file input.txt (compact mmCIF, C-alpha atoms)
# COMPACT_ATOMS: atom_id res chain seq x y z
CA MET A 1 153.47 168.30 26.31
CA LYS A 2 154.54 171.59 24.81
CA SER A 3 152.81 174.67 26.19
CA ILE A 4 150.68 176.25 23.47
CA GLY A 5 151.06 180.01 22.96
CA ILE A 6 147.92 181.92 21.99
CA GLY A 7 147.50 185.28 20.29
CA ILE A 8 144.09 186.88 19.79
CA VAL A 9 143.37 189.33 16.96
CA GLY A 10 140.58 191.67 17.99
CA GLY A 11 139.71 192.81 21.49
CA GLY A 12 135.92 193.03 21.34
CA TYR A 13 132.97 190.85 22.38
CA ALA A 14 134.16 187.71 20.56
CA ALA A 15 137.54 187.99 22.31
CA TRP A 16 135.69 188.18 25.64
CA LEU A 17 133.74 185.00 24.81
CA HIS A 18 136.94 183.20 23.82
CA GLY A 19 138.80 184.48 26.87
CA CYS A 20 136.12 183.16 29.20
CA ALA A 21 136.35 179.75 27.50
CA TYR A 22 140.16 179.63 27.77
CA GLU A 23 139.81 180.07 31.53
CA LYS A 24 137.97 176.74 31.75
CA VAL A 25 140.18 174.58 29.49
CA SER A 26 141.81 171.73 31.45
CA LYS A 27 144.71 169.29 31.08
CA VAL A 28 146.29 171.19 28.17
CA PRO A 29 149.25 173.49 28.90
CA PHE A 30 148.86 176.87 27.22
CA ARG A 31 149.89 180.49 27.59
CA LEU A 32 147.94 183.64 26.72
CA VAL A 33 150.63 185.66 24.96
CA THR A 34 149.36 188.63 22.90
CA VAL A 35 146.21 190.60 22.11
CA ALA A 36 146.24 192.60 18.86
CA ASP A 37 143.76 195.38 18.20
CA VAL A 38 143.96 198.63 16.24
CA CYS A 39 142.56 200.28 19.37
CA PRO A 40 145.27 200.05 22.07
CA GLU A 41 142.70 200.55 24.83
CA SER A 42 140.63 197.56 23.69
CA ALA A 43 143.73 195.39 23.45
CA ARG A 44 144.90 196.39 26.93
CA LYS A 45 141.46 195.89 28.47
CA THR A 46 141.24 192.32 27.11
CA ALA A 47 144.84 191.55 28.06
CA ASP A 48 144.33 192.77 31.64
CA LEU A 49 141.04 190.92 32.01
CA PHE A 50 142.37 187.51 30.98
CA GLY A 51 146.10 187.77 31.72
CA PHE A 52 147.71 188.09 28.29
CA GLN A 53 151.38 189.02 28.51
CA LYS A 54 151.43 191.85 25.97
CA THR A 55 149.49 193.84 23.37
CA THR A 56 150.09 195.21 19.89
CA ILE A 57 148.23 197.27 17.29
CA ASN A 58 149.64 195.16 14.42
CA TYR A 59 148.58 191.52 14.34
CA GLU A 60 151.29 190.68 11.78
CA GLU A 61 153.86 190.93 14.57
CA MET A 62 152.36 187.71 15.94
CA LEU A 63 152.98 185.82 12.70
CA CYS A 64 156.73 185.77 13.27
CA ASP A 65 156.56 185.34 17.06
CA ASP A 66 157.84 181.85 17.96
CA ASP A 67 156.02 182.07 21.30
CA ILE A 68 152.67 182.02 19.50
CA ASP A 69 151.31 178.76 18.10
CA ILE A 70 147.63 179.72 17.65
CA ILE A 71 146.18 182.83 16.02
CA ASP A 72 142.64 183.29 17.34
CA ILE A 73 140.69 185.55 14.94
CA CYS A 74 138.03 187.66 16.68
CA THR A 75 137.91 190.58 14.24
CA PRO A 76 134.98 191.87 12.18
CA PRO A 77 134.14 189.34 9.43
CA VAL A 78 135.59 191.45 6.62
CA LEU A 79 139.11 190.66 7.89
CA HIS A 80 138.71 186.92 8.49
CA SER A 81 139.92 185.42 5.21
CA GLN A 82 142.88 187.82 4.98
CA ILE A 83 144.15 186.91 8.44
CA VAL A 84 143.46 183.18 7.95
CA ALA A 85 145.60 183.19 4.80
CA LYS A 86 148.53 185.05 6.37
CA ALA A 87 148.49 183.04 9.61
CA MET A 88 148.33 179.66 7.90
CA LYS A 89 151.08 180.62 5.44
CA ALA A 90 153.16 181.43 8.53
CA GLY A 91 152.53 177.89 9.81
CA LYS A 92 150.31 178.90 12.70
CA HIS A 93 147.23 177.05 13.90
CA VAL A 94 144.15 179.21 13.33
CA ILE A 95 140.92 179.58 15.27
CA CYS A 96 138.48 181.55 13.11
CA GLU A 97 135.24 183.03 14.38
CA LYS A 98 132.25 182.70 12.11
CA PRO A 99 131.83 183.45 9.27
CA LEU A 100 134.85 182.12 7.40
CA THR A 101 134.48 184.83 4.77
CA GLY A 102 131.75 186.70 2.89
CA TYR A 103 131.13 189.32 0.25
CA PHE A 104 131.98 192.77 1.59
CA GLY A 105 132.24 194.75 -1.62
CA ARG A 106 134.67 195.20 -4.50
CA PRO A 107 136.05 198.33 -6.18
CA GLY A 108 133.39 199.77 -8.45
CA ASP A 109 130.42 198.33 -6.55
CA ALA A 110 127.53 200.72 -6.13
CA VAL A 111 126.42 201.18 -2.54
CA PRO A 112 124.77 199.90 -0.49
CA ILE A 113 126.04 196.60 -1.85
CA GLY A 114 123.26 194.50 -0.29
CA LYS A 115 120.78 196.23 -2.59
CA THR A 116 122.92 196.84 -5.68
CA VAL A 117 125.25 193.86 -6.11
CA SER A 118 123.66 190.66 -7.43
CA LYS A 119 123.75 187.64 -5.15
CA ALA A 120 125.00 185.61 -8.13
CA LYS A 121 128.14 187.76 -8.16
CA MET A 122 128.45 187.45 -4.38
CA TYR A 123 128.03 183.66 -4.52
CA GLN A 124 130.71 183.14 -7.15
CA SER A 125 133.07 185.54 -5.39
CA VAL A 126 132.70 183.75 -2.05
CA LEU A 127 133.29 180.35 -3.65
CA ALA A 128 136.45 181.63 -5.34
CA ASP A 129 137.67 183.17 -2.08
CA MET A 130 137.09 179.93 -0.19
CA ASP A 131 138.86 177.87 -2.83
CA GLU A 132 141.93 180.08 -2.44
CA ILE A 133 141.80 179.69 1.34
CA LYS A 134 141.37 175.92 0.96
CA GLU A 135 144.61 175.61 -0.98
CA ILE A 136 146.44 177.54 1.73
CA VAL A 137 144.89 175.46 4.52
CA MET A 138 145.72 172.18 2.76
CA SER A 139 149.37 173.18 2.28
CA SER A 140 149.90 174.61 5.79
CA LYS A 141 151.39 172.67 8.66
CA GLY A 142 148.93 174.42 10.94
CA LYS A 143 145.39 173.31 11.74
CA PHE A 144 142.29 175.30 10.88
CA MET A 145 139.65 175.33 13.62
CA TYR A 146 136.23 176.88 13.00
CA ALA A 147 134.67 178.52 16.05
CA GLU A 148 131.13 177.16 15.71
CA ASN A 149 129.83 176.63 19.23
CA PHE A 150 126.67 174.74 18.18
CA VAL A 151 128.87 171.78 17.23
CA TYR A 152 130.20 171.60 20.79
CA ALA A 153 127.03 172.17 22.78
CA PRO A 154 126.57 169.20 25.16
CA SER A 155 123.16 168.45 23.66
CA THR A 156 124.63 168.34 20.15
CA LYS A 157 127.49 166.10 21.26
CA MET A 158 125.05 163.73 22.99
CA ALA A 159 122.84 163.60 19.89
CA ALA A 160 125.92 162.84 17.77
CA GLN A 161 126.93 160.01 20.10
CA MET A 162 123.45 158.45 19.94
CA ILE A 163 123.27 158.80 16.16
CA GLN A 164 126.58 156.91 15.94
CA VAL A 165 125.46 154.15 18.30
CA LYS A 166 122.04 153.62 16.71
CA ARG A 167 123.18 154.42 13.16
CA SER A 168 120.14 156.69 12.93
CA LYS A 169 118.92 158.01 9.61
CA ILE A 170 118.04 161.71 10.01
CA LEU A 171 114.89 162.37 7.99
CA PHE A 172 114.15 165.97 8.93
CA MET A 173 115.90 168.67 10.95
CA LYS A 174 114.86 172.13 12.00
CA GLY A 175 116.89 174.69 13.86
CA GLU A 176 116.63 178.30 14.87
CA GLU A 177 118.56 181.17 16.32
CA SER A 178 116.50 184.26 16.94
CA LEU A 179 117.27 187.43 18.90
CA LYS A 180 115.82 190.89 19.37
CA GLY A 181 118.58 192.34 17.20
CA SER A 182 122.24 193.10 17.72
CA SER A 183 124.31 195.28 20.01
CA SER A 184 126.61 196.09 17.07
CA PRO A 185 125.88 199.32 15.15
CA LEU A 186 127.32 197.60 12.05
CA ALA A 187 124.82 194.71 12.02
CA GLY A 188 122.56 196.40 9.48
CA GLN A 189 125.27 196.91 6.85
CA TRP A 190 126.18 194.19 4.32
CA ASP A 191 129.70 195.53 3.68
CA LYS A 192 130.53 195.07 7.38
CA THR A 193 128.81 191.74 8.13
CA GLY A 194 128.46 189.92 4.79
CA GLY A 195 124.72 189.49 5.29
CA GLY A 196 121.94 189.88 7.80
CA SER A 197 120.19 187.57 10.25
CA LEU A 198 121.09 184.44 8.27
CA MET A 199 124.80 185.26 8.24
CA ARG A 200 124.99 186.54 11.82
CA VAL A 201 122.82 184.01 13.68
CA GLY A 202 121.31 181.49 11.26
CA CYS A 203 124.81 180.19 10.57
CA HIS A 204 124.78 178.48 13.98
CA PRO A 205 121.88 176.01 13.57
CA LEU A 206 122.85 175.57 9.90
CA THR A 207 126.41 174.53 10.72
CA GLY A 208 125.27 172.43 13.67
CA MET A 209 122.87 170.46 11.48
CA LEU A 210 125.44 170.04 8.69
CA TYR A 211 127.77 168.61 11.33
CA LEU A 212 125.15 166.12 12.58
CA LYS A 213 124.35 165.05 9.02
CA GLY A 214 128.06 164.37 8.60
CA VAL A 215 128.05 162.27 11.77
CA GLU A 216 125.17 160.23 10.35
CA ALA A 217 126.97 159.69 7.03
CA LYS A 218 130.14 158.49 8.73
CA ALA A 219 128.25 156.16 11.10
CA ARG A 220 126.35 154.56 8.21
CA GLY A 221 129.25 154.48 5.76
CA GLU A 222 127.47 156.78 3.33
CA CYS A 223 128.30 159.92 1.38
CA ILE A 224 125.64 162.58 1.98
CA THR A 225 125.88 166.04 0.42
CA VAL A 226 123.65 169.11 0.09
CA LYS A 227 121.64 168.76 -3.12
CA SER A 228 119.61 171.98 -3.21
CA VAL A 229 118.68 175.12 -1.30
CA VAL A 230 115.49 177.21 -1.28
CA ALA A 231 115.35 180.39 0.79
CA ASP A 232 113.25 183.43 1.58
CA THR A 233 114.41 186.63 3.27
CA SER A 234 112.66 189.79 4.37
CA VAL A 235 113.09 193.14 6.11
CA VAL A 236 109.99 193.23 8.28
CA THR A 237 111.12 195.90 10.76
CA LYS A 238 111.00 198.58 8.03
CA ASN A 239 107.24 198.60 8.55
CA LEU A 240 107.46 199.57 12.23
CA SER A 241 106.99 203.09 13.49
CA GLY A 242 109.51 204.57 15.92
CA GLU A 243 107.45 203.63 18.96
CA GLU A 244 106.75 200.14 17.61
CA HIS A 245 110.48 199.62 17.07
CA GLN A 246 111.52 200.46 20.64
CA TYR A 247 112.11 196.87 21.83
CA ILE A 248 113.90 195.57 18.73
CA ASP A 249 117.60 196.41 18.27
CA ILE A 250 118.09 196.03 14.53
CA TYR A 251 118.02 198.77 11.90
CA PRO A 252 118.73 197.11 8.55
CA ASP A 253 120.27 199.24 5.85
CA ASP A 254 120.76 196.61 3.13
CA VAL A 255 120.45 193.27 5.00
CA GLU A 256 117.57 191.01 6.01
CA ASP A 257 116.14 190.70 9.52
CA ILE A 258 114.27 187.42 8.83
CA ALA A 259 115.45 184.40 6.83
CA THR A 260 114.16 180.87 6.29
CA VAL A 261 116.20 178.27 4.43
CA SER A 262 115.10 174.82 3.28
CA ILE A 263 117.83 172.31 2.44
CA THR A 264 117.47 169.04 0.55
CA PHE A 265 120.28 166.51 0.96
CA SER A 266 121.40 163.90 -1.54
CA ASP A 267 119.47 161.24 0.42
CA ASP A 268 116.30 163.41 0.03
CA SER A 269 116.19 164.26 3.73
CA LYS A 270 115.38 167.86 4.64
CA ALA A 271 116.49 170.64 6.96
CA LEU A 272 114.84 173.95 7.85
CA ILE A 273 116.74 176.94 9.26
CA ILE A 274 115.04 179.94 10.85
CA ALA A 275 116.97 183.12 11.66
CA THR A 276 115.35 186.32 12.92
CA ASP A 277 116.14 189.60 14.66
CA VAL A 278 112.59 190.08 15.94
CA CYS A 279 112.40 187.66 18.88
CA LEU A 280 111.75 189.28 22.26
CA GLY A 281 112.34 187.60 25.63
CA GLY A 282 115.90 186.38 25.16
CA ALA A 283 117.93 184.39 22.65
CA LYS A 284 116.24 181.31 21.16
CA ASN A 285 118.65 178.53 20.13
CA TYR A 286 117.65 174.96 19.30
CA MET A 287 117.91 172.08 16.85
CA GLU A 288 115.37 169.26 16.46
CA LEU A 289 115.99 166.00 14.61
CA TYR A 290 113.40 163.50 13.41
CA CYS A 291 115.06 160.15 12.70
CA ASN A 292 113.94 156.69 11.65
CA ASN A 293 114.55 155.32 15.14
CA ALA A 294 114.77 158.38 17.41
CA ASN A 295 113.86 162.02 17.97
CA PHE A 296 116.32 164.53 19.41
CA VAL A 297 115.77 168.01 20.81
CA CYS A 298 118.94 170.04 21.32
CA ASN A 299 117.74 173.04 23.32
CA MET A 300 120.44 175.55 24.21
CA THR A 301 118.56 178.69 25.19
CA PRO A 302 116.37 179.35 26.97
CA VAL A 303 116.59 176.45 29.40
CA ASN A 304 114.26 176.03 32.36
CA ILE A 305 116.62 174.65 35.00
CA PHE A 306 116.47 178.01 36.78
CA GLY A 307 113.75 180.64 36.90
CA THR A 308 113.56 184.08 38.46
CA TYR A 309 110.78 186.49 39.27
CA PHE A 310 111.44 190.09 40.27
CA PRO A 311 108.66 192.69 40.68
CA ASP A 312 111.15 195.40 39.63
CA GLU A 313 114.79 195.91 38.61
CA LYS A 314 115.94 197.57 41.82
CA ASP A 315 119.58 196.72 42.78
CA MET A 316 119.95 194.56 39.64
CA GLU A 317 122.17 196.91 37.63
CA GLY A 318 125.23 194.66 37.71
CA MET A 319 123.36 191.36 37.24
CA ASP A 320 123.26 189.93 33.71
CA LEU A 321 120.47 187.38 33.33
CA GLY A 322 121.14 186.53 29.71
CA PHE A 323 121.69 187.89 26.22
CA GLY A 324 118.64 189.48 24.64
CA LEU A 325 116.57 189.98 27.78
CA SER A 326 115.23 193.53 27.74
CA THR A 327 114.14 193.51 31.39
CA LYS A 328 115.06 191.71 34.60
CA ALA A 329 111.58 192.24 36.01
CA GLY A 330 108.88 189.58 35.83
CA TRP A 331 109.56 185.92 35.08
CA ASN A 332 112.78 184.99 33.27
CA HIS A 333 114.93 181.95 32.55
CA PRO A 334 118.46 183.26 33.13
CA PHE A 335 121.43 181.66 31.41
CA VAL A 336 123.02 179.07 33.70
CA SER A 337 126.51 177.82 32.75
CA ASP A 338 125.97 179.46 29.38
CA ASP A 339 129.55 178.89 28.20
CA LEU A 340 129.07 175.15 28.80
CA ILE A 341 125.51 174.74 27.52
CA ARG A 342 126.16 176.70 24.31
CA GLY A 343 129.41 174.83 23.66
CA TYR A 344 132.19 177.38 24.18
CA ILE A 345 134.09 175.34 26.77
CA GLY A 346 133.97 172.14 24.72
CA GLU A 347 134.95 174.09 21.62
CA PHE A 348 138.19 175.45 23.03
CA GLN A 349 139.02 172.23 24.85
CA ASP A 350 138.90 170.49 21.48
CA PHE A 351 140.91 173.19 19.72
CA LEU A 352 143.74 173.25 22.25
CA GLU A 353 143.92 169.45 22.39
CA CYS A 354 144.21 169.35 18.57
CA ALA A 355 146.95 171.99 18.59
CA CYS A 356 148.80 170.36 21.47
CA HIS A 357 148.70 166.72 20.38
CA GLY A 358 148.50 167.21 16.60
CA ASN A 359 147.13 163.71 16.00
CA ARG A 360 143.59 164.58 14.92
CA GLU A 361 141.42 167.24 13.33
CA PRO A 362 138.88 169.34 15.27
CA LEU A 363 135.21 168.45 15.16
CA SER A 364 134.54 171.87 13.61
CA SER A 365 136.87 171.85 10.61
CA PHE A 366 137.56 173.81 7.44
CA GLU A 367 135.28 171.48 5.44
CA LEU A 368 132.37 172.35 7.73
CA ALA A 369 133.12 176.08 7.48
CA TYR A 370 133.30 175.83 3.67
CA GLU A 371 130.00 173.98 3.31
CA SER A 372 128.20 176.29 5.72
CA MET A 373 129.31 179.37 3.76
CA ARG A 374 128.43 177.73 0.44
CA VAL A 375 124.90 176.96 1.62
CA MET A 376 124.35 180.44 3.09
CA TYR A 377 125.32 182.29 -0.07
CA ALA A 378 123.33 179.82 -2.18
CA ALA A 379 120.41 180.72 0.09
CA TYR A 380 120.89 184.42 -0.59
CA LEU A 381 120.97 183.67 -4.33
CA SER A 382 117.77 181.62 -4.03
CA ALA A 383 115.97 184.37 -2.11
CA GLU A 384 116.92 187.04 -4.65
CA GLU A 385 116.10 185.00 -7.76
CA GLY A 386 113.07 183.20 -6.31
CA ARG A 387 114.22 179.72 -7.33
CA LYS A 388 115.76 176.53 -6.06
CA ILE A 389 119.56 176.52 -6.25
CA LEU A 390 121.05 173.17 -7.21
CA LEU A 391 124.45 172.48 -5.65
call {"tool": "encode", "arguments": {"input": "input.txt", "output": "structure tokens"}}
result
Amino acid sequence: MKSIGIGIVGGGYAAWLHGCAYEKVSKVPFRLVTVADVCPESARKTADLFGFQKTTINYEEMLCDDDIDIIDICTPPVLHSQIVAKAMKAGKHVICEKPLTGYFGRPGDAVPIGKTVSKAKMYQSVLADMDEIKEIVMSSKGKFMYAENFVYAPSTKMAAQMIQVKRSKILFMKGEESLKGSSSPLAGQWDKTGGGSLMRVGCHPLTGMLYLKGVEAKARGECITVKSVVADTSVVTKNLSGEEHQYIDIYPDDVEDIATVSITFSDDSKALIIATDVCLGGAKNYMELYCNNANFVCNMTPVNIFGTYFPDEKDMEGMDLGFGLSTKAGWNHPFVSDDLIRGYIGEFQDFLECACHGNREPLSSFELAYESMRVMYAAYLSAEEGRKILL
């Protein structure tokens, strides 16, 4: 087997997550070649941590490097579609962090765009952008791989296997990702993130459930599509005083901090997505499925296989119990094998096998990325106009 060369664009938190996953990939020969970041210090830090051979401040150098087969995009979302297009035109395989694209502003837009630009304009713009990307992906010899970890969580993969075996009909799904905010200072700005809590965290259960509905359709020999979307969004933290806000790390400028989305599929089954930035006590990630012949609970965090109790935080400075935990004191359920339970290891195992062997598509594909984005921006349109959006 040919050794696969990997180049990462962006040296921040997403690159760290991907680097940790690469360390655990097995039975696929690969090389960590280059890290690109406009900040040389960030690029060098990531390269030194994971053993990349070199760094650059210009990712386009990687597009003509024959040693690099995969471009792994870990940049802010505003750059995703641009880099996807250039990398796939160059014939590279692409791993793209979520989201695939978004609306980040156009010349002439009044600011802040989340409050001044209509969601109808955003929706049409995103669809047009994705259609352009689709043509490039379809004509490229490279593979597009969408970095959606919910698809690869062991609980999701087990549910998919059982749905296939029993040919289950999914009647209702609900899923949630909720946090106490974001560590990024840009999380409250639409022109940097393309949306708020729905875009940043609600995308995970949404895409995971779209994937499982696709598994059902294939197992039963049916064609199931999204028929309509109804959504509601809010900025609830604006009503908190300074002291009341002290435990929540989100300061929305023109994005939402709470979103609920109801989906109706063409078979009249339903799905509910909850996404919030106001959940204390650690990240909450789950999907539940009610079927005609089974129920499934895919619980990713928190899990209760390990518990800790500390009366204080003494000597715990270097110990990370889990994302979103504001204190190490008291009772907690620390993340155990988080990169496995939340799907990162399985995700990159699948991606590198696809790139190496070339005989199949990844579980998390361009079609899934496209549909997830389409539903999210339809949800924003629904919330703004107060109506059901027919797809």
call {"tool": "axis_aligned_box", "arguments": {"input": "input.txt", "around": "range 11-23 of chain A", "padding_each_side": "6 Å", "output": "lines of an AutoDock Vina configuration file"}}
result
center_x = 136.6
center_y = 186.3
center_z = 26.0
size_x = 19.2
size_y = 25.4
size_z = 23.0
call {"tool": "closest_residue", "arguments": {"input": "input.txt", "among": "A:Ile57, A:Leu390, A:Ala85, A:Met162", "to": "Asn293 in chain A", "atoms": "all atoms listed in the file"}}
result
A:Met162
call {"tool": "closest_residue", "arguments": {"input": "input.txt", "among": "A:Tyr123, A:Phe335, A:Phe144, A:Tyr152", "to": "Ser81 in chain A", "atoms": "all atoms listed in the file"}}
result
A:Phe144
call {"tool": "closest_residue", "arguments": {"input": "input.txt", "among": "A:Val201, A:Met145, A:Leu63, A:Val126", "to": "Phe348 in chain A", "atoms": "only C-alpha atoms"}}
result
A:Met145
call {"tool": "atom_distance", "arguments": {"input": "input.txt", "atom1": "CA of Thr156 in chain A", "atom2": "CA of Ser372 in chain A"}}
result
16.9 Å
call {"tool": "closest_residue", "arguments": {"input": "input.txt", "among": "A:Ile73, A:Cys203, A:Ile133, A:Leu280", "to": "Gly181 in chain A", "atoms": "only C-alpha atoms"}}
result
A:Leu280
call {"tool": "closest_residue", "arguments": {"input": "input.txt", "among": "A:Glu313, A:Asp277, A:Asp267, A:Glu347", "to": "Asp249 in chain A", "atoms": "all atoms listed in the file"}}
result
A:Asp277
call {"tool": "residues_near_point", "arguments": {"input": "input.txt", "point": "(119.3, 176.9, 5.4)", "cutoff": "6 Å", "atoms": "all atoms listed in the file", "output": "ChimeraX atom specification"}}
result
/A:206,261-263,272-273
call {"tool": "closest_residue", "arguments": {"input": "input.txt", "among": "A:Glu177, A:Glu256, A:Asp65, A:Asp131", "to": "Arg374 in chain A", "atoms": "all atoms listed in the file"}}
result
A:Asp131
call {"tool": "atom_distance", "arguments": {"input": "input.txt", "atom1": "CA of Ile95 in chain A", "atom2": "CA of Asp37 in chain A"}}
result
16.3 Å
call {"tool": "atom_distance", "arguments": {"input": "input.txt", "atom1": "CA of Leu100 in chain A", "atom2": "CA of Pro76 in chain A"}}
result
10.9 Å
call {"tool": "residues_near_point", "arguments": {"input": "input.txt", "point": "(122.8, 174.7, 4.2)", "cutoff": "12 Å", "atoms": "all atoms listed in the file", "output": "ChimeraX atom specification"}}
result
/A:173-175,198-199,202-211,213,225-231,260-265,270-274,368-380,382,389-391
call {"tool": "residues_around", "arguments": {"input": "input.txt", "residues": "Asp315 in chain A", "least_positions_apart": "5", "cutoff": "12 Å", "atoms": "only C-alpha atoms", "output": "ChimeraX atom specification"}}
result
/A:310,320,328-329
call {"tool": "write_last_selection", "arguments": {"input": "input.txt", "atoms": "C-alpha atoms", "output": "PDB file, in the coordinates of the input"}}
result
ATOM      1  CA  PHE A 310     111.440 190.090  40.270  1.00  0.00           C
ATOM      2  CA  ASP A 320     123.260 189.930  33.710  1.00  0.00           C
ATOM      3  CA  LYS A 328     115.060 191.710  34.600  1.00  0.00           C
ATOM      4  CA  ALA A 329     111.580 192.240  36.010  1.00  0.00           C
TER       5      ALA A 329
END
